[in-house]
Every structure is written in structure tokens, then in C-alpha cells.
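A quick write-up on the structure given underneath.
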Amino acid sequence: MTTRTRFAPSPTGYMHIGNLRTALYEYLIAKSQGGRFILRIEDTDQKRLVEGATDIIYNTLKMVGMNWDEGPDIGGDFGPYVQSMRKDLYAPYAHKLVELGGAHYCFCAEREKQLDEDGNEIICKFDDPCKHLSLEEAKARIAKGEPYTVRQTINKTGKSHYEDKVYGIIEIDYDELDEGVLLKTDGFPTYNFANVIDDHLMGITHVVRGSEYLPSTPKYNLIYDAFGWERPVYVHLPPVMKDAQHKLSKRNGDASFQDLLAKGYLPEAVINYIALLGWNPGNEEEIFSLADLTKIFSVERLNKSPAIFDIVKLTWMNGVYLRNLSADDFYQKALPYMESLPQNVDKKALAAALQPRVETLGQIVEQIDFIRALPDYSTELYFNKKMKTDVEIAKQVLPLIKDTLTNQVAWDNDSLFASLKTLAEAKGLKNGQILYPARIALSGKETTPGGATELAVILGQQESINRIDQAIKKLN
RNA sequence: GGUCCCAUCGUCUAAUGGUUAGGACAUCACCCUUUCACGGUGGUAAUAUGGGUUCGAAUCCCGUUGGGAUCACCA
């Protein structure tokens, strides 16, 4: 049987990293076994729909290369792939389940609280009085137009067992399971029910989802069993954490895929990083493309403890991807971040200098801000122990540099370097004692995309001389 | 609170009874260097805790502690 997995997001907002990782593992489980990856939109809660949310889902998946084999936009043999369009399909199954004894009609009020004859509160989901109603009586009340729900019926004795691919055997007392609503008053199914029906109808073989479903999975199994359907393989995933106490959640402004993109992270790097958040290949490699991952992925190497999302390591990995880009690819990607630059700047050369120096494309902006305008900087920057420079050296050397630059004819990197080196030798100074202060004076920054002469080339002769001049004035 | 789940460096993890507990990020030092990076070399750093079982436990069992999840006509 071919493996079929589905990614079934609800379109309620942005795609966060935990969601994306779930989708990734679903994709990899299918693709590593030559199976099919299905996209299904779960929009049964009409109140929570967010406009444009499905487009974000489509775009994200496409951008990272996780192409689906069946889905709302491309169809497939088991459509439609949007739950709201399947609405009419669920109710007959709900009624069938009542016939089969797996559910009953319930007339409890929405808050699920009612009082018995002594005024004590009774809770439907735990011991629903409606389940003792005869089917005839229930049907009669429905016929009268009374609002109702279909509620799962659970025999509260014994224990449930099932095997999860990640967590192993899970055992839960039936007594712990509540008799949840399957079909709402509005005729829509709840997630619990729609999920089971759709997964079965769509031939899903591996149900992959967050570990928060671990305790409620027996309820799903009861439904499969009542219909006489084969249970799927379960793969529950540990949560992705923001820190030791909190799950990653977008509500607190935690990193969403969109945020990361905006900051200049590459989709490939993000995918690579999150693949390793809860899974490992069993060897010490860690740079993998999506295609690599489909070859080596295995469910057995999935981890069961929560993993903290570490932006620092992602950033490192993004830097690796950036450095592996061809010079031209990097240039193309860097271009949008270099818009503030004056016309005369050689962006291609600048990009080449930037490539090994940034770990996200977003860092380009702060790396190059000095080009347009010299920042306000502290003269402390002139101090560098290894270069044997300090403010005094700068005072002494900057006027000499100014003269050299003023007399310079050939304004290219090699010529400039040769001239300044000659200057250093003539004055009996180390190269760094000339070049370091020059770089600070030209940029006003501690770290820059290139050395003094490279900056001078970028800035041009006139601007370079101006800046050296300003620096001299600043020191006196 | 009931129930379920989890527990190796700060972080991601490897080691399916026998290893000097390995790697990566971060961090520190040094090297390289025209600054800063990149790159290279090395260092610091972990089996939560108490009991068992065993010749031998990070690994198996029990307790404790800590953490997470779940208990909606949300998904």
C-alpha cells in the first residue's frame, strides 16, 4: 500500500515554525517511501477563518519545495480537499455512527452544563444523560426541530491501547475519555470527527500531528473501530519550544516562516534547520537539501522530547547556505537589501565583500549603512591592541593618509594598498597602524565589509578624503 | 487537580548494558589576515535525583524532582 500523509492546517493565520516542521515530516514520511503528500484545508470553524491564510499556506509550501500531490487547487481522486466543501458528507456518517452505537444524539445546552433534579450540575461530556434516551425518542425530538448535536458514546470501562511510532505503546483508561461533540448544532463536524472521516476517505495511512493529541487518540480509534475501518499508523511529534517553558506560538510574536524570510533567511536553510529539530540522520552531517532529506529520512530516528527553537544556530546555518551560493546568486539575493546605496557604488563588488560577512541577508543593511552617511562614532574605535593602534597613533597618521590619498592617481585596491604600505614603511610603522585608523575614519564602524583600501574604492576618492579630513577634525 | 508524555554539555543531538560519554551551534584561546569576517587548531562544558537489577547502567525497573500536554459545539 502506498504511503499517504496529509498536511491539514486550519487557515487561521500565519504559518509558524512548528506547523511547518509538522508539514515537513509529513512530506518526508510520504516521499521517503515513494508515497503521496496531500494538502487539506480544515476550515470547519467558520468563526476563526482568516482571509488570505490559505494563500500563505500555499506560498510557504511552494517556496520550500514541498509540493503536494493532491490538494484544493490541483484536485485529486479524493476531493474536495477543503472541509467546508465537504460539509454535507459528514452528517450521514455521524448518523451512521449513531446506528452503530458509537455515538448518540444529545440535546444538552451549549455550555454543556445542566442540572439534575436535585440541582446538581451534570456534565454531558462525562456522563451524558442524553445517551440513555431511546433512539426513537431522540429522533422524535429532532423531528420536532429541537437543536441537537451528535456526541460520541464511550463505554467507560477498561483500557485503551495503541502504538505510536514515536512514543511507543500508549495506554489510557476509557474512563478518562470524554464524550465529545462530533457534529455541532450548526451541522458542521468538529475537528475530531471531520479528521477521522476525511483521513479514512482520503486513504491516509500515516496520521502525523502534534503530541498534544496523544491522550485523545483513543477516541479516534473508537470511531475507526465502530465503522470497521482500519486504524492509521500514528506518528505524534513533540512540540517545538520557544524556551524551556513555552511552546513556540505566533501570538507572542515568535518567529513565523514569514518573519524569517523577511529577515533574510533562505527557505532552504530554514527547512534544513527544522528538519534537525527533533530528527537526526544518525551520522554527523547536518547540511541537507529537501531532496537529500527525502532519501535519508526515517521515522525511527524521530525524537520524542521537546526541542527549543534556537535562532542562533539557524542563523549560523543560514550563513553556511549564503556562503555556498555562487557569487552571482548571492548578488541577486542581496540586491533588494542594497537599495539605499548611492548610484556610483559597485554593488557587485560590494556583494562579494559581503558574502562571507553576513549570516542573514537582513544584516546587509546594517553592514553598509556607513556608505551613505558616516555614523557618529567614538574615537575609542581607534584603539586596537593587536594592531598597536590608538587615538594618538590615529592623530599622527591620519594627516599622512590624507596626503597620500590626495596625491593618489590610480584609485583601485592594489594601487591604494601599495601606496599606503609604502607610507607605513617610510614612517617605520606597521601596516595595521596605517590601515586600521584609515578604516575607522572611512567607516566609523568596528566591523566593515572589507579593509581600508576596499572601503576607499567603494566610497571614491573625494568622499574618502572628506572622511579622513572629518576624522582629523574630530580628533583635534 | 486527574490523566498522558518527557528528562545527556547553555542549545540541537549521538551513544539501542561495556566509549577517555562523540558531533554541531554558542562561548573562550591561539593561528591565518589589510580591519572585521571566512577558514584552521585547541579548550571549557552534560547523563536531574534517590533506590534497585546486573560482573558492569546514560541505557532496564521503581520512587522523587523538574518540565510539557490534555481535560471546548477550537483545530
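Here, A, B, ... name the chains of the C-alpha cells in the order displayed, residue numbers run from 1 inside each chain, and ligands are numbered from 1 in the same displayed order.
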
Original post:
Could you write out as number ranges by chain the residues of chain B within 10 Å of chain A, counting only C-alpha atoms (C1' of nucleotides)?
Top reply: B: 2-7, 11-14, 22-26, 34-38, 67-75

**OP:** Give the strand (DSSP E) residues of range 72-244 of chain A, as assigned by DSSP on the backbone, as number ranges by chain.
**Re:** A: 103-106, 113-115, 121-123, 149-152, 159-164, 168-173, 181-183, 206-210, 233-237, 240-241

**OP:** Could you give me, as number ranges by chain, each residue of range 214-388 of chain A that DSSP assigns to helix (DSSP H, G or I) when run on this structure's backbone?
**Re:** A: 214-227, 250-252, 257-262, 267-275, 290-296, 299-301, 311-324, 327-338, 347-357, 363-372, 379-382

**OP:** Could you tell me how far CA of Lys159 in chain A lies from CA of Tyr234 in chain A, in Å and to one decimal?
**Re:**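 Distance reported for this atom pair: 18.2 Å.
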
Original post:
Just how far from CA of Asp73 in chain A is CA of Met1 in chain A, in Å to one decimal?
Top reply: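 We find that CA of Met1 in chain A and CA of Asp73 in chain A lie 25.3 Å from each other.
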
Subject >> Computed interatomic separation between CA of Ile169 in chain A and C1' of U53 in chain B (Å) >> reply: 23.2 Å

Need to verify the contact set: Lys348 in chain A, 10 Å, only C-alpha atoms (C1' of nucleotides), exclusion of same-chain residues closer than 4 positions in sequence. Can you return it as an mmCIF file with N, CA, C and O atoms, in the first residue's frame?
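Writing the result to selection.cif gives the following:
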```cif
data_model
loop_
_atom_site.group_PDB
_atom_site.id
_atom_site.type_symbol
_atom_site.label_atom_id
_atom_site.label_comp_id
_atom_site.auth_asym_id
_atom_site.auth_seq_id
_atom_site.Cartn_x
_atom_site.Cartn_y
_atom_site.Cartn_z
ATOM 1 N N ALA A 327 28.615 33.520 -6.463
ATOM 2 C CA ALA A 327 28.719 34.966 -6.266
ATOM 3 C C ALA A 327 27.535 35.675 -6.903
ATOM 4 O O ALA A 327 26.991 36.627 -6.352
ATOM 5 N N ASP A 328 27.121 35.180 -8.053
ATOM 6 C CA ASP A 328 26.034 35.848 -8.748
ATOM 7 C C ASP A 328 24.694 35.640 -8.052
ATOM 8 O O ASP A 328 23.892 36.565 -7.949
ATOM 9 N N PHE A 330 24.275 35.132 -4.925
ATOM 10 C CA PHE A 330 24.276 35.956 -3.718
ATOM 11 C C PHE A 330 23.976 37.409 -4.082
ATOM 12 O O PHE A 330 23.181 38.076 -3.424
ATOM 13 N N TYR A 331 24.611 37.864 -5.137
ATOM 14 C CA TYR A 331 24.402 39.242 -5.596
ATOM 15 C C TYR A 331 22.922 39.501 -5.864
ATOM 16 O O TYR A 331 22.352 40.500 -5.423
ATOM 17 N N GLN A 332 22.289 38.572 -6.572
ATOM 18 C CA GLN A 332 20.870 38.729 -6.891
ATOM 19 C C GLN A 332 20.016 38.815 -5.637
ATOM 20 O O GLN A 332 19.109 39.638 -5.524
ATOM 21 N N ALA A 334 21.034 39.664 -2.704
ATOM 22 C CA ALA A 334 21.438 40.791 -1.858
ATOM 23 C C ALA A 334 20.876 42.113 -2.359
ATOM 24 O O ALA A 334 20.663 43.043 -1.584
ATOM 25 N N LEU A 335 20.644 42.162 -3.650
ATOM 26 C CA LEU A 335 20.213 43.406 -4.294
ATOM 27 C C LEU A 335 19.095 44.152 -3.549
ATOM 28 O O LEU A 335 19.204 45.358 -3.313
ATOM 29 N N ALA A 352 30.278 40.872 -3.159
ATOM 30 C CA ALA A 352 31.335 39.881 -2.984
ATOM 31 C C ALA A 352 32.008 40.039 -1.616
ATOM 32 O O ALA A 352 32.359 39.058 -0.961
ATOM 33 N N ALA A 353 32.160 41.292 -1.196
ATOM 34 C CA ALA A 353 32.765 41.546 0.114
ATOM 35 C C ALA A 353 31.827 41.145 1.240
ATOM 36 O O ALA A 353 32.241 40.711 2.308
ATOM 37 N N LEU A 354 30.538 41.289 0.978
ATOM 38 C CA LEU A 354 29.520 40.998 1.983
ATOM 39 C C LEU A 354 29.296 39.494 2.197
ATOM 40 O O LEU A 354 28.993 39.051 3.304
#
```

Subject >> Nearest candidate to Pro218 in chain A (options A:Ser249, A:Thr379, A:Gln461, A:Gln152; using only C-alpha atoms) >> reply: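 Nearest to Pro218 in chain A: A:Gln152.
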